[in-house]
Amino acid sequence: MLWIVDTSYKFTHFSNVILSFLLKIWHTKYFLVILHRIFNKINDFPVGNVQKVYVILVVLMFVCIGCQWQWKPAETDASGRRIGIQRFDRIEMLNLTTGDYSALQQMNTYFPTETRMLIEDMLHLGQVDDPDINTKFLFFFQDSTLQQMLNDVQQQFNNMDDVDEQLSLAFKRLKEAIPDIAVPVVYTQIGSFDQSIIVSGGSLGVSLDKYLGVDYPFYAEHYSEQERKLMHRDMIVPDCMSFYLLSIYPMPKGHTQADRDRHMGRIMWTVNRMMQKQVFDNDYVDAASTYMHHHPRTSIHELLQER
């Protein structure tokens, strides 16, 4: 079958059709931003429409190869909802790399909540709609330590398939254990060595700058040995689950420190169960394990709800 291209169409219309189609079949927002920019550049080429069509097809071919598209079904929870990671850090890096104000506008368009939380709540740079917010954002990351960190994040987390798979399996098990629990949207971002995990409603934000490894030079100067033991790639999923469970089953108010420690031990024990390995190991985790051994009919929901 021949595909006949009507060259009387405006190329911008053709680009919009392609983007609309990709929006339906591809969940990565950053991918659409990149394609949109490529299409705009191609549209400026001093060639005819047919040549532009060939150029765009070649670009799409190389983008597919470069992004390592996978056509297997995504891991889903019990309700059929996809579980995975949204790479907000990549569109953030696009802004920091190009310095283009339109990149920040695209951050606001595709990741409005995440952008606002990053700029206003984490970096404290002002309101996201301030006229000079892009300048403040770019200037903030000009610090040599943060520049090195940005490079290290790109290298260490270029591929996160392993984390994505762990995350999918862990939340799938959690959904099976607590059917009424909502599965969050998880996205990655780059901060400034502040919070590790941000919980906001049904979203979890993972700051990759807090998981660069036990021996990362900046950590050695600013964090204790005990803290550094938890600042590596393998702790991303356990931390996601811990903070998310704490947002649903918060610390008991008005109780003693022992009560709060016991509650945290039960959260950690639950995370160990969902990860199917001993991530956390302390006396309070052991106490939770002993409790469940003597109360086999107690559900995880009941365990975490008990005060």
# chains A, B, ... in the order shown; residues from 1 in each chain; ligands from 1

call {"tool": "select_by_dssp", "arguments": {"residues": "region 45-287 of chain A", "states": "strand (DSSP E or B)", "output": "PDB file with all heavy atoms, in the first residue's frame"}}
result
ATOM      1  N   THR A  76       0.891  -2.924  35.711  1.00  0.00           N
ATOM      2  CA  THR A  76      -0.294  -2.221  36.172  1.00  0.00           C
ATOM      3  C   THR A  76      -0.695  -2.719  37.542  1.00  0.00           C
ATOM      4  O   THR A  76      -0.306  -3.812  37.972  1.00  0.00           O
ATOM      5  CB  THR A  76      -1.479  -2.433  35.205  1.00  0.00           C
ATOM      6  OG1 THR A  76      -1.732  -3.836  35.078  1.00  0.00           O
ATOM      7  CG2 THR A  76      -1.153  -1.851  33.835  1.00  0.00           C
ATOM      8  N   ARG A  82      -1.570   2.125  35.157  1.00  0.00           N
ATOM      9  CA  ARG A  82      -0.138   1.960  34.951  1.00  0.00           C
ATOM     10  C   ARG A  82       0.642   2.490  36.151  1.00  0.00           C
ATOM     11  O   ARG A  82       0.308   3.510  36.722  1.00  0.00           O
ATOM     12  CB  ARG A  82       0.309   2.716  33.694  1.00  0.00           C
ATOM     13  CG  ARG A  82       1.767   2.453  33.367  1.00  0.00           C
ATOM     14  CD  ARG A  82       2.211   3.260  32.175  1.00  0.00           C
ATOM     15  NE  ARG A  82       3.527   2.856  31.756  1.00  0.00           N
ATOM     16  CZ  ARG A  82       4.656   3.247  32.328  1.00  0.00           C
ATOM     17  NH1 ARG A  82       4.614   4.079  33.349  1.00  0.00           N
ATOM     18  NH2 ARG A  82       5.824   2.821  31.891  1.00  0.00           N
ATOM     19  N   ILE A  85       7.397   5.616  36.363  1.00  0.00           N
ATOM     20  CA  ILE A  85       8.053   6.860  36.731  1.00  0.00           C
ATOM     21  C   ILE A  85       7.923   7.877  35.611  1.00  0.00           C
ATOM     22  O   ILE A  85       8.237   7.586  34.460  1.00  0.00           O
ATOM     23  CB  ILE A  85       9.542   6.618  37.040  1.00  0.00           C
ATOM     24  CG1 ILE A  85       9.695   5.651  38.230  1.00  0.00           C
ATOM     25  CG2 ILE A  85      10.258   7.930  37.342  1.00  0.00           C
ATOM     26  CD1 ILE A  85      11.125   5.270  38.516  1.00  0.00           C
ATOM     27  N   GLN A  86       7.485   9.070  35.953  1.00  0.00           N
ATOM     28  CA  GLN A  86       7.469  10.191  35.017  1.00  0.00           C
ATOM     29  C   GLN A  86       8.791  10.944  35.163  1.00  0.00           C
ATOM     30  O   GLN A  86       9.113  11.432  36.245  1.00  0.00           O
ATOM     31  CB  GLN A  86       6.295  11.131  35.324  1.00  0.00           C
ATOM     32  CG  GLN A  86       4.927  10.526  35.091  1.00  0.00           C
ATOM     33  CD  GLN A  86       4.589  10.403  33.609  1.00  0.00           C
ATOM     34  OE1 GLN A  86       5.116  11.135  32.782  1.00  0.00           O
ATOM     35  NE2 GLN A  86       3.707   9.485  33.286  1.00  0.00           N
ATOM     36  N   VAL A 185       1.089   8.661  41.453  1.00  0.00           N
ATOM     37  CA  VAL A 185       1.920   8.981  40.295  1.00  0.00           C
ATOM     38  C   VAL A 185       3.311   9.323  40.832  1.00  0.00           C
ATOM     39  O   VAL A 185       3.444  10.149  41.733  1.00  0.00           O
ATOM     40  CB  VAL A 185       1.350  10.183  39.514  1.00  0.00           C
ATOM     41  CG1 VAL A 185       2.304  10.599  38.404  1.00  0.00           C
ATOM     42  CG2 VAL A 185      -0.011   9.841  38.939  1.00  0.00           C
ATOM     43  N   VAL A 186       4.320   8.670  40.306  1.00  0.00           N
ATOM     44  CA  VAL A 186       5.693   8.890  40.781  1.00  0.00           C
ATOM     45  C   VAL A 186       6.493   9.598  39.695  1.00  0.00           C
ATOM     46  O   VAL A 186       6.499   9.177  38.546  1.00  0.00           O
ATOM     47  CB  VAL A 186       6.372   7.545  41.146  1.00  0.00           C
ATOM     48  CG1 VAL A 186       7.778   7.793  41.683  1.00  0.00           C
ATOM     49  CG2 VAL A 186       5.538   6.790  42.175  1.00  0.00           C
ATOM     50  N   TYR A 187       7.158  10.674  40.075  1.00  0.00           N
ATOM     51  CA  TYR A 187       7.980  11.410  39.122  1.00  0.00           C
ATOM     52  C   TYR A 187       9.343  11.721  39.731  1.00  0.00           C
ATOM     53  O   TYR A 187       9.500  11.744  40.960  1.00  0.00           O
ATOM     54  CB  TYR A 187       7.287  12.709  38.681  1.00  0.00           C
ATOM     55  CG  TYR A 187       7.119  13.750  39.775  1.00  0.00           C
ATOM     56  CD1 TYR A 187       8.071  14.760  39.965  1.00  0.00           C
ATOM     57  CD2 TYR A 187       6.006  13.742  40.614  1.00  0.00           C
ATOM     58  CE1 TYR A 187       7.913  15.716  40.960  1.00  0.00           C
ATOM     59  CE2 TYR A 187       5.843  14.689  41.607  1.00  0.00           C
ATOM     60  CZ  TYR A 187       6.799  15.678  41.779  1.00  0.00           C
ATOM     61  OH  TYR A 187       6.650  16.619  42.761  1.00  0.00           O
ATOM     62  N   THR A 188      10.326  11.918  38.892  1.00  0.00           N
ATOM     63  CA  THR A 188      11.673  12.241  39.353  1.00  0.00           C
ATOM     64  C   THR A 188      11.976  13.703  39.082  1.00  0.00           C
ATOM     65  O   THR A 188      11.497  14.286  38.101  1.00  0.00           O
ATOM     66  CB  THR A 188      12.715  11.367  38.633  1.00  0.00           C
ATOM     67  OG1 THR A 188      12.491  11.434  37.215  1.00  0.00           O
ATOM     68  CG2 THR A 188      12.619   9.929  39.089  1.00  0.00           C
ATOM     69  N   GLN A 189      12.775  14.290  39.959  1.00  0.00           N
ATOM     70  CA  GLN A 189      13.157  15.678  39.804  1.00  0.00           C
ATOM     71  C   GLN A 189      14.579  15.863  40.331  1.00  0.00           C
ATOM     72  O   GLN A 189      15.184  14.941  40.879  1.00  0.00           O
ATOM     73  CB  GLN A 189      12.197  16.578  40.571  1.00  0.00           C
ATOM     74  CG  GLN A 189      12.215  16.337  42.079  1.00  0.00           C
ATOM     75  CD  GLN A 189      11.184  17.162  42.814  1.00  0.00           C
ATOM     76  OE1 GLN A 189      10.446  17.937  42.232  1.00  0.00           O
ATOM     77  NE2 GLN A 189      11.120  17.008  44.128  1.00  0.00           N
ATOM     78  N   ILE A 197      12.004  12.757  49.273  1.00  0.00           N
ATOM     79  CA  ILE A 197      10.705  12.401  48.695  1.00  0.00           C
ATOM     80  C   ILE A 197       9.695  13.497  49.042  1.00  0.00           C
ATOM     81  O   ILE A 197       9.615  13.930  50.195  1.00  0.00           O
ATOM     82  CB  ILE A 197      10.184  11.052  49.225  1.00  0.00           C
ATOM     83  CG1 ILE A 197      11.224   9.940  49.015  1.00  0.00           C
ATOM     84  CG2 ILE A 197       8.853  10.697  48.578  1.00  0.00           C
ATOM     85  CD1 ILE A 197      11.456   9.570  47.570  1.00  0.00           C
ATOM     86  N   ILE A 198       8.954  13.925  48.040  1.00  0.00           N
ATOM     87  CA  ILE A 198       7.888  14.908  48.237  1.00  0.00           C
ATOM     88  C   ILE A 198       6.550  14.210  48.003  1.00  0.00           C
ATOM     89  O   ILE A 198       6.341  13.600  46.952  1.00  0.00           O
ATOM     90  CB  ILE A 198       8.011  16.089  47.254  1.00  0.00           C
ATOM     91  CG1 ILE A 198       9.381  16.761  47.389  1.00  0.00           C
ATOM     92  CG2 ILE A 198       6.892  17.083  47.476  1.00  0.00           C
ATOM     93  CD1 ILE A 198       9.605  17.419  48.717  1.00  0.00           C
ATOM     94  N   VAL A 199       5.671  14.293  48.988  1.00  0.00           N
ATOM     95  CA  VAL A 199       4.341  13.699  48.862  1.00  0.00           C
ATOM     96  C   VAL A 199       3.316  14.816  48.754  1.00  0.00           C
ATOM     97  O   VAL A 199       3.264  15.696  49.616  1.00  0.00           O
ATOM     98  CB  VAL A 199       3.999  12.797  50.064  1.00  0.00           C
ATOM     99  CG1 VAL A 199       2.642  12.125  49.863  1.00  0.00           C
ATOM    100  CG2 VAL A 199       5.079  11.748  50.274  1.00  0.00           C
ATOM    101  N   SER A 200       2.533  14.789  47.699  1.00  0.00           N
ATOM    102  CA  SER A 200       1.494  15.801  47.514  1.00  0.00           C
ATOM    103  C   SER A 200       0.271  15.126  46.907  1.00  0.00           C
ATOM    104  O   SER A 200       0.254  14.803  45.713  1.00  0.00           O
ATOM    105  CB  SER A 200       1.984  16.922  46.593  1.00  0.00           C
ATOM    106  OG  SER A 200       0.951  17.858  46.343  1.00  0.00           O
ATOM    107  N   SER A 203       0.606  12.216  44.386  1.00  0.00           N
ATOM    108  CA  SER A 203       1.888  12.247  43.680  1.00  0.00           C
ATOM    109  C   SER A 203       3.052  12.057  44.633  1.00  0.00           C
ATOM    110  O   SER A 203       3.011  12.501  45.786  1.00  0.00           O
ATOM    111  CB  SER A 203       2.063  13.576  42.931  1.00  0.00           C
ATOM    112  OG  SER A 203       1.104  13.725  41.920  1.00  0.00           O
ATOM    113  N   LEU A 204       4.102  11.398  44.112  1.00  0.00           N
ATOM    114  CA  LEU A 204       5.351  11.226  44.848  1.00  0.00           C
ATOM    115  C   LEU A 204       6.482  11.788  43.997  1.00  0.00           C
ATOM    116  O   LEU A 204       6.684  11.342  42.865  1.00  0.00           O
ATOM    117  CB  LEU A 204       5.624   9.738  45.123  1.00  0.00           C
ATOM    118  CG  LEU A 204       4.895   9.063  46.272  1.00  0.00           C
ATOM    119  CD1 LEU A 204       5.254   7.577  46.298  1.00  0.00           C
ATOM    120  CD2 LEU A 204       5.273   9.698  47.597  1.00  0.00           C
ATOM    121  N   GLY A 205       7.207  12.747  44.528  1.00  0.00           N
ATOM    122  CA  GLY A 205       8.345  13.303  43.818  1.00  0.00           C
ATOM    123  C   GLY A 205       9.644  12.780  44.392  1.00  0.00           C
ATOM    124  O   GLY A 205       9.886  12.874  45.600  1.00  0.00           O
ATOM    125  N   VAL A 206      10.489  12.209  43.547  1.00  0.00           N
ATOM    126  CA  VAL A 206      11.767  11.636  43.976  1.00  0.00           C
ATOM    127  C   VAL A 206      12.894  12.578  43.560  1.00  0.00           C
ATOM    128  O   VAL A 206      13.083  12.830  42.369  1.00  0.00           O
ATOM    129  CB  VAL A 206      12.006  10.247  43.344  1.00  0.00           C
ATOM    130  CG1 VAL A 206      13.329   9.668  43.824  1.00  0.00           C
ATOM    131  CG2 VAL A 206      10.850   9.315  43.646  1.00  0.00           C
ATOM    132  N   SER A 207      13.631  13.086  44.526  1.00  0.00           N
ATOM    133  CA  SER A 207      14.762  13.967  44.228  1.00  0.00           C
ATOM    134  C   SER A 207      16.002  13.114  44.004  1.00  0.00           C
ATOM    135  O   SER A 207      16.597  12.586  44.959  1.00  0.00           O
ATOM    136  CB  SER A 207      14.996  14.952  45.378  1.00  0.00           C
ATOM    137  OG  SER A 207      13.879  15.807  45.537  1.00  0.00           O
TER     138      SER A 207
END

call {"tool": "residues_around", "arguments": {"residues": "Met117 (chain A)", "least_positions_apart": "3", "cutoff": "10 Å", "atoms": "only C-alpha atoms", "output": "count of residues only"}}
result
13

call {"tool": "closest_residue", "arguments": {"among": "A:Lys229, A:Asp194, A:Asn108, A:Asp283", "to": "Ala258 (chain A)", "atoms": "only C-alpha atoms"}}
result
A:Asp283

call {"tool": "select_by_dssp", "arguments": {"residues": "region 82-298 of chain A", "states": "alpha helix (DSSP H)", "output": "MDAnalysis selection string"}}
result
chainID A and resid 88:98 101:110 112:116 133:140 144:156 161:177 217:222 225:228 236:248 257:275 283:294

call {"tool": "residues_around", "arguments": {"residues": "Val214 (chain A)", "least_positions_apart": "4", "cutoff": "9 Å", "atoms": "only C-alpha atoms", "output": "list in words"}}
result
Tyr219, Ala220, Glu225, Glu227, Arg228, Lys229, Leu230, Met231 and His232 of chain A

call {"tool": "atom_distance", "arguments": {"atom1": "CA of Asp89 (chain A)", "atom2": "CA of Leu212 (chain A)"}}
result
14.4 Å

call {"tool": "residues_around", "arguments": {"residues": "Gly201 (chain A)", "least_positions_apart": "4", "cutoff": "10 Å", "atoms": "only C-alpha atoms", "output": "MDAnalysis selection string"}}
result
chainID A and resid 184:185 244 247:248

call {"tool": "closest_residue", "arguments": {"among": "A:Tyr110, A:Phe157, A:Phe243, A:Phe218", "to": "Ile190 (chain A)", "atoms": "only C-alpha atoms"}}
result
A:Phe157

call {"tool": "closest_residue", "arguments": {"among": "A:Gly191, A:Gly99, A:Gly213, A:Gly84", "to": "Asp234 (chain A)", "atoms": "only C-alpha atoms"}}
result
A:Gly213

call {"tool": "residues_around", "arguments": {"residues": "region 293-302 of chain A", "least_positions_apart": "2", "cutoff": "8 Å", "atoms": "only C-alpha atoms", "output": "ChimeraX atom specification"}}
result
/A:177-178,270,289-291,304-306

call {"tool": "write_last_selection", "arguments": {"atoms": "all heavy atoms", "output": "compact mmCIF listing (two decimals), in the first residue's frame"}}
result
# COMPACT_ATOMS: atom_id res chain seq x y z
N ALA A 177 -2.38 -6.03 48.99
CA ALA A 177 -2.49 -6.13 50.45
C ALA A 177 -3.52 -5.16 51.01
O ALA A 177 -4.22 -5.47 51.98
CB ALA A 177 -1.13 -5.87 51.09
N ILE A 178 -3.62 -3.98 50.40
CA ILE A 178 -4.58 -2.96 50.84
C ILE A 178 -5.37 -2.51 49.61
O ILE A 178 -5.01 -1.53 48.95
CB ILE A 178 -3.87 -1.75 51.50
CG1 ILE A 178 -2.86 -2.22 52.55
CG2 ILE A 178 -4.89 -0.80 52.12
CD1 ILE A 178 -2.06 -1.09 53.18
N THR A 270 6.14 -3.17 56.90
CA THR A 270 5.28 -3.28 55.72
C THR A 270 6.10 -3.09 54.44
O THR A 270 5.91 -3.82 53.46
CB THR A 270 4.16 -2.22 55.78
OG1 THR A 270 3.40 -2.42 56.97
CG2 THR A 270 3.25 -2.32 54.56
N SER A 289 7.14 -7.50 63.43
CA SER A 289 7.16 -8.87 62.91
C SER A 289 6.61 -9.85 63.94
O SER A 289 5.81 -10.75 63.61
CB SER A 289 8.58 -9.26 62.51
OG SER A 289 8.62 -10.58 62.02
N THR A 290 7.03 -9.68 65.20
CA THR A 290 6.55 -10.54 66.27
C THR A 290 5.05 -10.39 66.48
O THR A 290 4.32 -11.37 66.67
CB THR A 290 7.29 -10.21 67.58
OG1 THR A 290 8.70 -10.41 67.40
CG2 THR A 290 6.81 -11.10 68.72
N TYR A 291 4.59 -9.14 66.42
CA TYR A 291 3.16 -8.87 66.60
C TYR A 291 2.33 -9.58 65.53
O TYR A 291 1.31 -10.22 65.81
CB TYR A 291 2.91 -7.36 66.55
CG TYR A 291 1.45 -6.98 66.68
CD1 TYR A 291 0.88 -6.80 67.94
CD2 TYR A 291 0.65 -6.82 65.56
CE1 TYR A 291 -0.46 -6.47 68.08
CE2 TYR A 291 -0.70 -6.49 65.68
CZ TYR A 291 -1.24 -6.31 66.94
OH TYR A 291 -2.57 -5.99 67.07
N LEU A 304 -1.44 -0.92 60.58
CA LEU A 304 -1.00 0.47 60.46
C LEU A 304 -1.99 1.45 61.04
O LEU A 304 -1.61 2.58 61.41
CB LEU A 304 -0.75 0.81 58.99
CG LEU A 304 0.33 -0.03 58.27
CD1 LEU A 304 0.45 0.39 56.83
CD2 LEU A 304 1.67 0.11 58.98
N GLN A 305 -3.24 1.03 61.15
CA GLN A 305 -4.28 1.91 61.72
C GLN A 305 -4.27 1.89 63.25
O GLN A 305 -4.68 2.84 63.89
CB GLN A 305 -5.66 1.48 61.23
CG GLN A 305 -6.29 2.47 60.29
CD GLN A 305 -7.75 2.16 60.06
OE1 GLN A 305 -8.26 1.09 60.41
NE2 GLN A 305 -8.45 3.11 59.46
N GLU A 306 -3.80 0.81 63.80
CA GLU A 306 -3.87 0.64 65.27
C GLU A 306 -3.02 1.70 65.97
O GLU A 306 -1.91 2.00 65.58
CB GLU A 306 -3.38 -0.76 65.64
CG GLU A 306 -3.52 -1.06 67.13
CD GLU A 306 -3.08 -2.48 67.46
OE1 GLU A 306 -3.67 -3.40 66.88
OE2 GLU A 306 -2.14 -2.63 68.25

call {"tool": "closest_residue", "arguments": {"among": "A:Ala103, A:Gly126, A:Ser192, A:Leu245", "to": "Gln142 (chain A)", "atoms": "only C-alpha atoms"}}
result
A:Ser192

call {"tool": "closest_residue", "arguments": {"among": "A:Leu150, A:Val237, A:Leu96, A:Leu169", "to": "Ser196 (chain A)", "atoms": "only C-alpha atoms"}}
result
A:Val237

call {"tool": "closest_residue", "arguments": {"among": "A:Met251, A:Val279, A:Leu138, A:Ile119", "to": "Asp100 (chain A)", "atoms": "only C-alpha atoms"}}
result
A:Leu138

call {"tool": "residues_around", "arguments": {"residues": "Gln106 (chain A)", "least_positions_apart": "2", "cutoff": "10 Å", "atoms": "only C-alpha atoms", "output": "list of chain:residue names"}}
result
A:Lys29, A:Tyr30, A:Val33, A:Ile91, A:Glu92, A:Asn95, A:Tyr101, A:Ser102, A:Ala103, A:Leu104, A:Asn108, A:Thr109, A:Tyr110, A:Phe111, A:Pro112, A:Thr115

call {"tool": "atom_distance", "arguments": {"atom1": "CA of Asp259 (chain A)", "atom2": "CA of Tyr284 (chain A)"}}
result
10.2 Å
